[in-house]
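File shown: run.txt. Contents: compact mmCIF, C-alpha atoms (C1' of nucleotides).
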```
# COMPACT_ATOMS: atom_id res chain seq x y z
CA MET A 240 144.60 62.07 132.85
CA LEU A 241 145.67 58.43 132.87
CA GLY A 242 143.12 56.07 134.39
CA THR A 243 140.37 58.67 134.48
CA PRO A 244 137.52 57.51 132.27
CA SER A 245 135.77 60.10 130.17
CA ARG A 246 132.44 61.53 131.25
CA ASP A 247 130.77 59.63 128.41
CA ARG A 248 132.22 56.33 129.53
CA VAL A 249 130.94 56.90 133.05
CA ALA A 250 127.46 57.77 131.84
CA GLU A 251 127.51 54.73 129.59
CA ARG A 252 128.44 52.42 132.46
CA ARG A 253 125.71 53.92 134.65
CA SER A 254 123.15 53.44 131.94
CA ALA A 255 124.25 49.85 131.44
CA THR A 256 123.87 49.14 135.15
CA ARG A 257 120.37 50.63 135.09
CA ARG A 258 119.54 48.35 132.17
CA GLU A 259 120.83 45.29 134.05
CA ILE A 260 118.71 46.17 137.07
CA LEU A 261 115.61 46.61 134.92
CA ASP A 262 116.20 43.31 133.14
CA ALA A 263 116.54 41.61 136.52
CA ALA A 264 113.29 43.23 137.65
CA TRP A 265 111.47 41.91 134.56
CA GLU A 266 112.91 38.49 135.31
CA VAL A 267 111.53 38.57 138.84
CA ALA A 268 108.19 39.86 137.59
CA ARG A 269 107.84 37.01 135.11
CA ASP A 270 109.02 34.38 137.61
CA HIS A 271 107.04 35.42 140.69
CA GLY A 272 104.56 38.06 139.54
CA LEU A 273 104.70 41.80 139.00
CA ALA A 274 103.63 42.70 142.52
CA GLN A 275 106.02 40.17 144.06
CA ILE A 276 109.13 42.06 143.03
CA THR A 277 111.37 42.74 146.03
CA LEU A 278 114.46 44.91 146.02
CA ARG A 279 116.46 42.15 147.71
CA ASP A 280 115.51 39.70 144.97
CA VAL A 281 116.34 42.12 142.17
CA ALA A 282 119.63 43.08 143.82
CA GLN A 283 120.67 39.46 144.20
CA ARG A 284 120.30 38.86 140.45
CA VAL A 285 122.73 41.68 139.67
CA ALA A 286 125.10 40.67 142.50
CA MET A 287 124.33 43.66 144.69
CA ARG A 288 122.81 44.41 148.08
CA ALA A 289 119.34 45.88 148.11
CA PRO A 290 120.32 49.40 149.32
CA SER A 291 122.77 49.74 146.44
CA LEU A 292 119.84 49.89 144.02
CA TYR A 293 119.08 53.32 145.48
CA SER A 294 122.21 54.62 143.74
CA HIS A 295 120.40 53.98 140.44
CA PHE A 296 116.71 54.39 141.27
CA ASP A 297 115.07 56.71 143.77
CA SER A 298 112.61 54.09 144.98
CA LYS A 299 110.98 50.81 144.12
CA ASN A 300 108.22 52.72 142.32
CA ALA A 301 110.90 54.42 140.21
CA ILE A 302 111.83 50.95 138.97
CA TYR A 303 108.20 50.24 138.13
CA ASP A 304 108.14 53.60 136.38
CA ALA A 305 111.11 52.72 134.17
CA MET A 306 109.56 49.33 133.46
CA PHE A 307 106.32 51.05 132.46
CA ALA A 308 108.24 53.19 129.97
CA ASP A 309 110.07 50.05 128.79
CA ALA A 310 106.85 48.22 128.09
CA TRP A 311 105.13 50.97 126.14
CA THR A 312 108.29 51.77 124.18
CA GLU A 313 108.47 48.15 123.09
CA CYS A 314 104.76 48.11 122.31
CA LEU A 315 105.17 51.20 120.16
CA ALA A 316 108.03 49.56 118.28
CA VAL A 317 106.04 46.37 117.67
CA MET A 318 103.01 48.28 116.44
CA ARG A 319 105.08 50.42 114.09
CA ALA A 320 106.95 47.40 112.77
CA THR A 321 103.65 46.16 111.31
CA ALA A 322 102.60 49.60 110.08
CA ASP A 323 104.08 49.02 106.64
CA LYS A 324 102.35 45.65 106.31
CA ILE A 325 98.93 47.20 106.83
CA PRO A 326 96.60 46.31 103.93
CA ASN A 327 94.44 48.87 102.16
CA ASP A 328 91.14 47.25 103.06
CA ALA A 329 89.77 48.96 106.17
CA ARG A 330 88.51 45.84 107.92
CA ALA A 331 91.64 43.84 107.23
CA ALA A 332 93.73 46.77 108.43
CA ILE A 333 91.88 47.11 111.73
CA ARG A 334 91.98 43.36 112.16
CA LEU A 335 95.76 43.26 111.78
CA TYR A 336 96.26 46.26 114.03
CA SER A 337 94.07 44.74 116.74
CA ARG A 338 95.69 41.33 116.40
CA THR A 339 99.15 42.81 116.77
CA PHE A 340 98.23 44.59 119.97
CA PHE A 341 96.29 41.60 121.30
CA ASP A 342 99.18 39.20 120.78
CA PHE A 343 101.65 41.64 122.30
CA ALA A 344 99.52 42.12 125.41
CA VAL A 345 98.69 38.47 125.87
CA SER A 346 102.27 37.26 125.52
CA ASP A 347 103.39 38.71 128.88
CA LEU A 348 100.99 38.88 131.83
CA ALA A 349 103.26 40.92 134.10
CA ARG A 350 103.89 43.44 131.35
CA HIS A 351 100.19 43.76 130.56
CA GLN A 352 99.34 44.29 134.23
CA LEU A 353 101.88 47.07 134.43
CA MET A 354 100.85 48.71 131.15
CA ASN A 355 97.10 48.43 131.28
CA GLN A 356 95.94 47.66 134.78
CA ARG A 357 96.42 49.45 138.09
CA THR A 358 97.59 46.40 139.94
CA ILE A 359 100.54 47.92 141.83
CA PRO A 360 99.23 49.63 145.00
CA GLY A 361 100.89 53.02 145.20
CA PHE A 362 102.23 53.24 141.67
CA GLU A 363 101.25 55.96 139.22
CA PRO A 364 103.36 56.37 136.08
CA SER A 365 105.23 59.65 135.72
CA PRO A 366 104.54 61.93 132.74
CA GLU A 367 107.88 60.95 131.17
CA ALA A 368 107.10 57.24 131.49
CA TYR A 369 103.64 57.89 130.12
CA ALA A 370 104.95 59.59 126.98
CA PRO A 371 105.37 56.46 124.83
CA ALA A 372 101.89 55.32 125.88
CA VAL A 373 100.46 58.62 124.68
CA GLU A 374 102.40 58.21 121.45
CA ALA A 375 100.90 54.75 120.93
CA LEU A 376 97.44 56.18 121.53
CA ASP A 377 98.10 58.95 119.02
CA ASP A 378 99.13 56.31 116.51
CA LEU A 379 95.85 54.50 117.08
CA HIS A 380 93.89 57.68 116.44
CA ALA A 381 95.83 58.30 113.23
CA HIS A 382 95.38 54.70 112.16
CA LEU A 383 91.62 54.73 112.62
CA ALA A 384 91.31 58.17 111.06
CA ARG A 385 92.51 56.69 107.77
CA TYR A 386 89.20 54.83 107.63
CA GLY A 387 87.09 57.76 108.68
CA VAL A 388 86.91 56.79 112.34
CA THR A 389 87.58 60.04 114.16
CA ARG A 390 85.03 60.37 116.94
CA GLN A 391 86.51 59.92 120.41
CA GLU A 392 83.76 57.51 121.44
CA ASP A 393 84.49 55.30 118.44
CA VAL A 394 88.15 55.11 119.39
CA ASP A 395 87.21 54.45 123.02
CA LEU A 396 84.99 51.65 121.85
CA SER A 397 87.73 49.93 119.85
CA ILE A 398 89.97 49.95 122.93
CA ALA A 399 87.22 48.55 125.15
CA LEU A 400 86.44 45.73 122.73
CA VAL A 401 90.02 44.54 122.35
CA GLY A 402 90.84 45.14 126.02
CA GLY A 403 87.90 43.07 127.21
CA LEU A 404 89.12 40.07 125.23
CA ILE A 405 92.71 40.50 126.40
CA ASP A 406 91.74 40.56 130.06
CA LEU A 407 89.60 37.45 129.81
CA GLN A 408 92.21 35.60 127.77
CA LEU A 409 94.86 36.24 130.41
CA ALA A 410 92.55 35.59 133.36
CA ASN A 411 90.63 32.51 132.20
CA ASP A 412 92.68 30.80 129.52
CA PRO A 413 96.35 31.86 129.68
CA GLY A 414 98.28 30.35 126.81
CA GLY A 415 95.09 29.22 125.08
CA ASP A 416 92.91 30.74 122.37
CA ARG A 417 89.41 30.74 123.90
CA TYR A 418 89.09 34.52 123.55
CA SER A 419 91.82 35.11 121.00
CA ARG A 420 89.73 33.38 118.34
CA LEU A 421 86.88 35.84 118.97
CA LEU A 422 89.00 38.86 118.06
CA ASP A 423 88.33 38.95 114.31
CA ARG A 424 84.64 38.54 114.98
CA VAL A 425 84.67 41.48 117.38
CA VAL A 426 86.49 43.66 114.89
CA ASP A 427 83.87 42.81 112.28
CA MET A 428 81.11 43.69 114.74
CA TYR A 429 82.86 47.00 115.24
CA ALA A 430 83.24 47.62 111.52
CA ASP A 431 79.61 46.71 110.90
CA ASN A 432 78.50 49.12 113.59
CA LEU A 433 80.54 51.91 112.04
CA GLY A 434 79.24 51.11 108.58
CA LEU A 435 82.66 50.38 107.13
CA PRO A 436 82.55 48.72 103.69
CA ALA A 437 82.41 44.93 103.84
CA MET B 840 71.97 26.71 183.59
CA LEU B 841 71.71 30.31 184.69
CA GLY B 842 74.15 32.62 182.90
CA THR B 843 75.19 30.00 180.40
CA PRO B 844 74.23 31.18 176.91
CA SER B 845 72.81 28.58 174.57
CA ARG B 846 74.89 27.15 171.79
CA ASP B 847 72.81 29.13 169.32
CA ARG B 848 73.49 32.39 171.10
CA VAL B 849 77.21 31.73 171.04
CA ALA B 850 77.21 30.89 167.36
CA GLU B 851 75.14 33.98 166.71
CA ARG B 852 77.61 36.22 168.52
CA ARG B 853 80.53 34.67 166.67
CA SER B 854 78.81 35.21 163.37
CA ALA B 855 78.06 38.82 164.28
CA THR B 856 81.71 39.45 165.14
CA ARG B 857 82.77 37.96 161.82
CA ARG B 858 80.32 40.29 160.10
CA GLU B 859 81.75 43.31 161.95
CA ILE B 860 85.27 42.38 160.94
CA LEU B 861 84.23 41.98 157.31
CA ASP B 862 82.41 45.32 157.32
CA ALA B 863 85.52 46.95 158.77
CA ALA B 864 87.63 45.33 156.06
CA TRP B 865 85.32 46.69 153.35
CA GLU B 866 85.61 50.10 154.97
CA VAL B 867 89.40 49.98 154.83
CA ALA B 868 89.30 48.73 151.24
CA ARG B 869 87.11 51.62 150.12
CA ASP B 870 89.11 54.20 152.09
CA HIS B 871 92.64 53.12 151.22
CA GLY B 872 92.32 50.52 148.47
CA LEU B 873 91.73 46.78 148.38
CA ALA B 874 95.40 45.83 148.53
CA GLN B 875 96.11 48.31 151.33
CA ILE B 876 94.11 46.41 153.90
CA THR B 877 96.22 45.67 156.98
CA LEU B 878 95.16 43.47 159.86
CA ARG B 879 96.13 46.15 162.36
CA ASP B 880 93.92 48.67 160.58
CA VAL B 881 90.94 46.32 160.41
CA ALA B 882 91.40 45.32 164.04
CA GLN B 883 91.47 48.92 165.20
CA ARG B 884 88.06 49.60 163.63
CA VAL B 885 86.47 46.78 165.62
CA ALA B 886 88.38 47.70 168.80
CA MET B 887 90.67 44.68 168.72
CA ARG B 888 94.35 43.88 168.38
CA ALA B 889 95.53 42.44 165.10
CA PRO B 890 96.26 38.90 166.34
CA SER B 891 92.73 38.64 167.74
CA LEU B 892 91.41 38.49 164.21
CA TYR B 893 92.93 35.02 164.00
CA SER B 894 90.22 33.82 166.37
CA HIS B 895 87.73 34.49 163.59
CA PHE B 896 89.71 34.07 160.35
CA ASP B 897 92.58 31.72 159.59
CA SER B 898 94.58 34.33 157.70
CA LYS B 899 94.36 37.63 155.89
CA ASN B 900 93.54 35.76 152.69
CA ALA B 901 90.64 34.10 154.51
CA ILE B 902 89.23 37.60 155.04
CA TYR B 903 89.64 38.33 151.33
CA ASP B 904 87.95 35.01 150.66
CA ALA B 905 84.91 35.91 152.77
CA MET B 906 84.80 39.33 151.10
CA PHE B 907 84.89 37.64 147.70
CA ALA B 908 81.87 35.53 148.67
CA ASP B 909 80.21 38.67 150.06
CA ALA B 910 80.62 40.55 146.82
CA TRP B 911 79.30 37.82 144.53
CA THR B 912 76.42 37.04 146.87
CA GLU B 913 75.37 40.68 146.74
CA CYS B 914 75.81 40.76 142.98
CA LEU B 915 73.63 37.70 142.63
CA ALA B 916 70.94 39.34 144.76
CA VAL B 917 71.04 42.55 142.72
CA MET B 918 70.84 40.68 139.43
CA ARG B 919 67.93 38.55 140.61
CA ALA B 920 66.10 41.57 142.00
CA THR B 921 65.80 42.86 138.43
CA ALA B 922 64.94 39.44 137.01
CA ASP B 923 61.19 40.04 137.33
CA LYS B 924 61.47 43.42 135.61
CA ILE B 925 63.05 41.88 132.53
CA PRO B 926 61.07 42.83 129.41
CA ASN B 927 60.06 40.29 126.78
CA ASP B 928 61.97 41.93 123.94
CA ALA B 929 65.35 40.21 123.64
CA ARG B 930 67.44 43.32 123.03
CA ALA B 931 65.79 45.30 125.80
CA ALA B 932 66.24 42.35 128.14
CA ILE B 933 69.95 41.97 127.44
CA ARG B 934 70.37 45.73 127.70
CA LEU B 935 68.80 45.81 131.16
CA TYR B 936 70.74 42.77 132.32
CA SER B 937 74.03 44.27 131.12
CA ARG B 938 73.23 47.67 132.60
CA THR B 939 72.45 46.18 135.98
CA PHE B 940 75.77 44.36 136.10
CA PHE B 941 77.69 47.33 134.72
CA ASP B 942 76.28 49.72 137.33
CA PHE B 943 76.90 47.24 140.12
CA ALA B 944 80.53 46.73 139.09
CA VAL B 945 81.28 50.39 138.50
CA SER B 946 79.80 51.57 141.80
CA ASP B 947 82.62 50.06 143.89
CA LEU B 948 86.18 49.85 142.59
CA ALA B 949 87.55 47.78 145.45
CA ARG B 950 84.73 45.29 145.13
CA HIS B 951 85.18 45.01 141.37
CA GLN B 952 88.90 44.44 141.75
CA LEU B 953 88.24 41.63 144.19
CA MET B 954 85.45 40.05 142.12
CA ASN B 955 86.78 40.34 138.62
CA GLN B 956 90.49 41.07 138.67
CA ARG B 957 93.41 39.21 140.19
CA THR B 958 94.84 42.22 141.95
CA ILE B 959 95.65 40.64 145.33
CA PRO B 960 99.05 38.89 145.11
CA GLY B 961 98.66 35.47 146.71
CA PHE B 962 94.88 35.31 146.81
CA GLU B 963 92.85 32.64 145.07
CA PRO B 964 89.18 32.28 146.04
CA SER B 965 88.19 28.99 147.65
CA PRO B 966 85.59 26.77 146.00
CA GLU B 967 83.02 27.76 148.64
CA ALA B 968 83.62 31.46 148.06
CA TYR B 969 83.46 30.85 144.34
CA ALA B 970 80.04 29.20 144.53
CA PRO B 971 77.91 32.38 144.26
CA ALA B 972 80.05 33.52 141.33
CA VAL B 973 79.33 30.25 139.55
CA GLU B 974 75.67 30.70 140.35
CA ALA B 975 75.69 34.17 138.80
CA LEU B 976 77.36 32.75 135.71
CA ASP B 977 74.74 30.00 135.51
CA ASP B 978 72.06 32.68 135.71
CA LEU B 979 73.68 34.51 132.80
CA HIS B 980 73.67 31.33 130.72
CA ALA B 981 70.02 30.74 131.51
CA HIS B 982 69.17 34.36 130.79
CA LEU B 983 70.82 34.34 127.38
CA ALA B 984 69.41 30.93 126.55
CA ARG B 985 65.91 32.45 126.66
CA TYR B 986 66.85 34.33 123.50
CA GLY B 987 68.49 31.39 121.80
CA VAL B 988 72.02 32.33 122.80
CA THR B 989 73.51 29.05 123.97
CA ARG B 990 76.96 28.73 122.43
CA GLN B 991 79.79 29.12 124.94
CA GLU B 992 81.66 31.54 122.70
CA ASP B 993 78.60 33.78 122.47
CA VAL B 994 78.33 33.92 126.24
CA ASP B 995 82.08 34.54 126.52
CA LEU B 996 81.71 37.38 124.07
CA SER B 997 78.97 39.09 126.06
CA ILE B 998 81.15 39.01 129.16
CA ALA B 999 84.14 40.41 127.30
CA LEU B 1000 82.14 43.27 125.82
CA VAL B 1001 80.64 44.43 129.09
CA GLY B 1002 83.85 43.79 131.04
CA GLY B 1003 85.93 45.86 128.66
CA LEU B 1004 83.70 48.88 129.22
CA ILE B 1005 83.65 48.40 132.98
CA ASP B 1006 87.45 48.29 133.23
CA LEU B 1007 87.92 51.44 131.15
CA GLN B 1008 85.17 53.29 133.02
CA LEU B 1009 86.83 52.58 136.36
CA ALA B 1010 90.35 53.23 135.12
CA ASN B 1011 89.90 56.33 132.96
CA ASP B 1012 86.72 58.06 134.09
CA PRO B 1013 85.68 56.94 137.59
CA GLY B 1014 82.36 58.49 138.54
CA GLY B 1015 81.75 59.67 134.97
CA ASP B 1016 79.87 58.20 132.01
CA ARG B 1017 82.43 58.22 129.20
CA TYR B 1018 82.18 54.43 128.72
CA SER B 1019 78.88 53.86 130.48
CA ARG B 1020 77.05 55.63 127.69
CA LEU B 1021 78.52 53.19 125.15
CA LEU B 1022 76.95 50.17 126.83
CA ASP B 1023 73.61 50.14 125.00
CA ARG B 1024 75.42 50.56 121.71
CA VAL B 1025 77.67 47.59 122.48
CA VAL B 1026 74.69 45.43 123.38
CA ASP B 1027 73.07 46.32 120.06
CA MET B 1028 76.28 45.44 118.22
CA TYR B 1029 76.16 42.10 120.00
CA ALA B 1030 72.50 41.54 119.19
CA ASP B 1031 73.07 42.48 115.55
CA ASN B 1032 75.97 40.06 115.32
CA LEU B 1033 73.81 37.26 116.71
CA GLY B 1034 70.94 38.12 114.39
CA LEU B 1035 68.50 38.84 117.21
CA PRO B 1036 65.28 40.54 116.02
CA ALA B 1037 65.49 44.33 115.98
C1' DG C 167 87.05 30.18 173.72
C1' DT C 168 88.71 35.00 173.19
C1' DC C 169 91.90 38.23 173.42
C1' DT C 170 96.60 40.24 174.61
C1' DA C 171 101.51 40.40 174.58
C1' DT C 172 105.39 39.21 172.40
C1' DA C 173 108.21 37.61 168.85
C1' DC C 174 109.71 36.39 164.07
C1' DA C 175 110.86 37.00 159.25
C1' DC C 176 110.35 39.92 155.66
C1' DC C 177 109.57 44.35 153.34
C1' DG C 178 111.10 49.36 151.57
C1' DA C 179 113.94 52.88 152.95
C1' DT C 180 117.77 55.59 155.26
C1' DA C 181 122.41 56.73 157.55
C1' DG C 182 127.04 56.55 157.47
C1' DA C 183 131.63 54.11 156.92
C1' DC C 184 134.83 53.04 153.28
C1' DG D 324 129.00 53.56 144.38
C1' DT D 325 128.64 49.91 147.34
C1' DC D 326 128.64 48.19 151.67
C1' DT D 327 126.78 47.17 156.76
C1' DA D 328 123.58 48.34 160.17
C1' DT D 329 119.29 49.70 161.31
C1' DC D 330 114.48 51.70 161.33
C1' DG D 331 109.43 51.38 161.16
C1' DG D 332 106.07 48.63 159.01
C1' DT D 333 103.87 44.27 157.48
C1' DG D 334 101.59 39.28 157.93
C1' DT D 335 101.85 35.65 160.86
C1' DA D 336 102.60 32.39 164.85
C1' DT D 337 102.28 31.22 169.61
C1' DA D 338 102.27 31.42 174.76
C1' DG D 339 99.55 32.66 178.31
C1' DA D 340 96.04 35.75 180.88
C1' DC D 341 91.08 35.85 181.84
```
Could you show the structure in this file as structure tokens?
Amino acid sequence: MLGTPSRDRVAERRSATRREILDAAWEVARDHGLAQITLRDVAQRVAMRAPSLYSHFDSKNAIYDAMFADAWTECLAVMRATADKIPNDARAAIRLYSRTFFDFAVSDLARHQLMNQRTIPGFEPSPEAYAPAVEALDDLHAHLARYGVTRQEDVDLSIALVGGLIDLQLANDPGGDRYSRLLDRVVDMYADNLGLPA
Amino acid sequence: MLGTPSRDRVAERRSATRREILDAAWEVARDHGLAQITLRDVAQRVAMRAPSLYSHFDSKNAIYDAMFADAWTECLAVMRATADKIPNDARAAIRLYSRTFFDFAVSDLARHQLMNQRTIPGFEPSPEAYAPAVEALDDLHAHLARYGVTRQEDVDLSIALVGGLIDLQLANDPGGDRYSRLLDRVVDMYADNLGLPA
DNA sequence: GTCTATACACCGATAGAC
DNA sequence: GTCTATCGGTGTATAGAC
């Protein structure tokens, strides 16, 4: 069948177009803010009209959903990339793990708002988009378990401690280190409280 | 001047109308979410048309601004109402202070989003609206100073610790106590780290 | 002064031609 | 699959009634 592209080629082109749209959406989010994304603005950056986006995404929230999956997939990759550099010492290990997540979160405000805050009015991530986030959480549990930290409330606490610093860093000193430099201290407080060896 | 209300009466009526509009706005925020406030919805609850609100507020953001001042003024009042119940013991005092703020924040999601997060797209509080927030922060500094906690980074840390728990409580277990019950433990971690007497 | 009526520009979303 | 046209909704501005 001359001139008829294979089914794979078609699927590949569709997937590439989806990727271009998502990249454009991230661009808009970083330029004007996550909540300020408009379909017309995204469409313009991929040389389309706004309604054409509906051929690739069911709704604006579906774009947010794919971006949510994007963000947590990348986070998972970053966290696992440091997994083999993790030292044996428990405190040093938790410090590195926390620092990696902190730096990842703080380096992109729009991404952090999408991943960790409920800043978009009607948006709730779908179970599929949530999957990599659950995977990252499972990794955290496994990571802490290596040092004997297995109680749910202890894991909850570690998330609260790091999250509190991230939020303030982004809100009150974006690009600075006012709260970033408190991270190691907080991890040590945490380790002390759990009775981990100094 | 029979039938001509005094200047005071007029100002009083205007102020009362402003109050009614703000109360209606809070109602909408709690019913549908802070970002879902629409002028038409607020107007309907005070038996007006949307454009009439512009006789009392310059813009929608001006309503958010007045609500922001509202929230921090109330917070300040709540915090000061417990000020005379503060025990002498440093740890117990910081525990009570933290608990009071935690409970206040957690009891109203919309209010917390307005006070402590940047969830409304174009909104930035005016200096006047910010004043009670600054006052509350000054109170916190003075409170901690009574126990020898004066370094900026130590104050920052206390805010991050409590704030991290508040955010997770509202996001992951609204109405529950999953993170609330970790608050005293966090305060003790903090006190230990600062070397406060046990 | 206060409110209404009307209008504008923009948004997400849909219908239908090609 | 992409387009044009359009719909109901939003915040906002203004002219004019009372």
Contact residues (chain A, partner chain B, 6 Å, all atoms listed in the file) as a PyMOL selection string: chain A and resi 358+399-400+402-404
DG178 of chain C surroundings by only C-alpha atoms (C1' of nucleotides), 10 Å radius, close-in-sequence under 5 positions cut, as a VMD selection string: (chain A and resid 277 to 279 289 to 290 298 to 299) or (chain D and resid 331 to 332)
If the cut-off is 12 Å, can you tell me the residues of chain D near chain B, counting all atoms listed in the file? I'd like them as a short mmCIF file (atom, residue, chain, number, x, y, z; two decimals) with C-alpha atoms (C1' of nucleotides), keeping the file's coordinate frame.
```cif
data_model
loop_
_atom_site.label_atom_id
_atom_site.label_comp_id
_atom_site.auth_asym_id
_atom_site.auth_seq_id
_atom_site.Cartn_x
_atom_site.Cartn_y
_atom_site.Cartn_z
"C1'" DG D 332 106.07 48.63 159.01
"C1'" DT D 333 103.87 44.27 157.48
"C1'" DG D 334 101.59 39.28 157.93
"C1'" DT D 335 101.85 35.65 160.86
"C1'" DA D 336 102.60 32.39 164.85
"C1'" DT D 337 102.28 31.22 169.61
#
```
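From atom CA of Phe962 of chain B back to atom CA of Asn900 of chain B, the distance works out to 6.0 Å.
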Surrounding residues of Phe296 of chain A excluding itself and chain neighbours under 6 positions, 10 Å, only C-alpha atoms (C1' of nucleotides), as a ChimeraX atom specification: /A:257,260,302-305
Taking all atoms listed in the file into account, find every residue of chain B that has an atom no more than 12 Å from chain C, and write it out as an mmCIF file with C-alpha atoms, in the coordinates of the input.
```cif
data_model
loop_
_atom_site.group_PDB
_atom_site.id
_atom_site.type_symbol
_atom_site.label_atom_id
_atom_site.label_comp_id
_atom_site.auth_asym_id
_atom_site.auth_seq_id
_atom_site.Cartn_x
_atom_site.Cartn_y
_atom_site.Cartn_z
ATOM 1 C CA VAL B 849 77.210 31.730 171.040
ATOM 2 C CA ALA B 850 77.210 30.890 167.360
ATOM 3 C CA ARG B 853 80.530 34.670 166.670
ATOM 4 C CA THR B 856 81.710 39.450 165.140
ATOM 5 C CA ALA B 882 91.400 45.320 164.040
ATOM 6 C CA ALA B 886 88.380 47.700 168.800
ATOM 7 C CA MET B 887 90.670 44.680 168.720
ATOM 8 C CA ARG B 888 94.350 43.880 168.380
ATOM 9 C CA ALA B 889 95.530 42.440 165.100
ATOM 10 C CA PRO B 890 96.260 38.900 166.340
ATOM 11 C CA SER B 891 92.730 38.640 167.740
ATOM 12 C CA LEU B 892 91.410 38.490 164.210
ATOM 13 C CA TYR B 893 92.930 35.020 164.000
ATOM 14 C CA SER B 894 90.220 33.820 166.370
ATOM 15 C CA HIS B 895 87.730 34.490 163.590
#
```
Between atom CA of Asp416 of chain A and atom CA of Met318 of chain A - distance in Å to one decimal: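 It comes out at 21.1 Å.
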Give the padded box for segment 910-927 of chain B as JSON: axis-aligned, covering all atoms listed in the file, 3 Å on each side, centre and edge lengths in Å to one decimal.
```
{"center_x": 70.3, "center_y": 40.2, "center_z": 136.8, "size_x": 26.6, "size_y": 12.4, "size_z": 26.1}
```
Between atom CA of Val388 of chain A and atom CA of Ala375 of chain A - distance in Å to one decimal: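 Atom CA of Ala375 of chain A sits 16.5 Å away from atom CA of Val388 of chain A.
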Please list as a compact mmCIF listing (two decimals) with C-alpha atoms, in the frame of the given file every residue within 12 Å of Val917 of chain B, counting only C-alpha atoms (C1' of nucleotides) and excluding residues in the same chain fewer than 2 positions away.
```txt
# COMPACT_ATOMS: atom_id res chain seq x y z
CA ALA B 910 80.62 40.55 146.82
CA TRP B 911 79.30 37.82 144.53
CA THR B 912 76.42 37.04 146.87
CA GLU B 913 75.37 40.68 146.74
CA CYS B 914 75.81 40.76 142.98
CA LEU B 915 73.63 37.70 142.63
CA ARG B 919 67.93 38.55 140.61
CA ALA B 920 66.10 41.57 142.00
CA THR B 921 65.80 42.86 138.43
CA ALA B 922 64.94 39.44 137.01
CA ASP B 923 61.19 40.04 137.33
CA LYS B 924 61.47 43.42 135.61
CA TYR B 936 70.74 42.77 132.32
CA ARG B 938 73.23 47.67 132.60
CA THR B 939 72.45 46.18 135.98
CA PHE B 940 75.77 44.36 136.10
CA PHE B 941 77.69 47.33 134.72
CA ASP B 942 76.28 49.72 137.33
CA PHE B 943 76.90 47.24 140.12
CA ALA B 944 80.53 46.73 139.09
CA ALA B 975 75.69 34.17 138.80
```
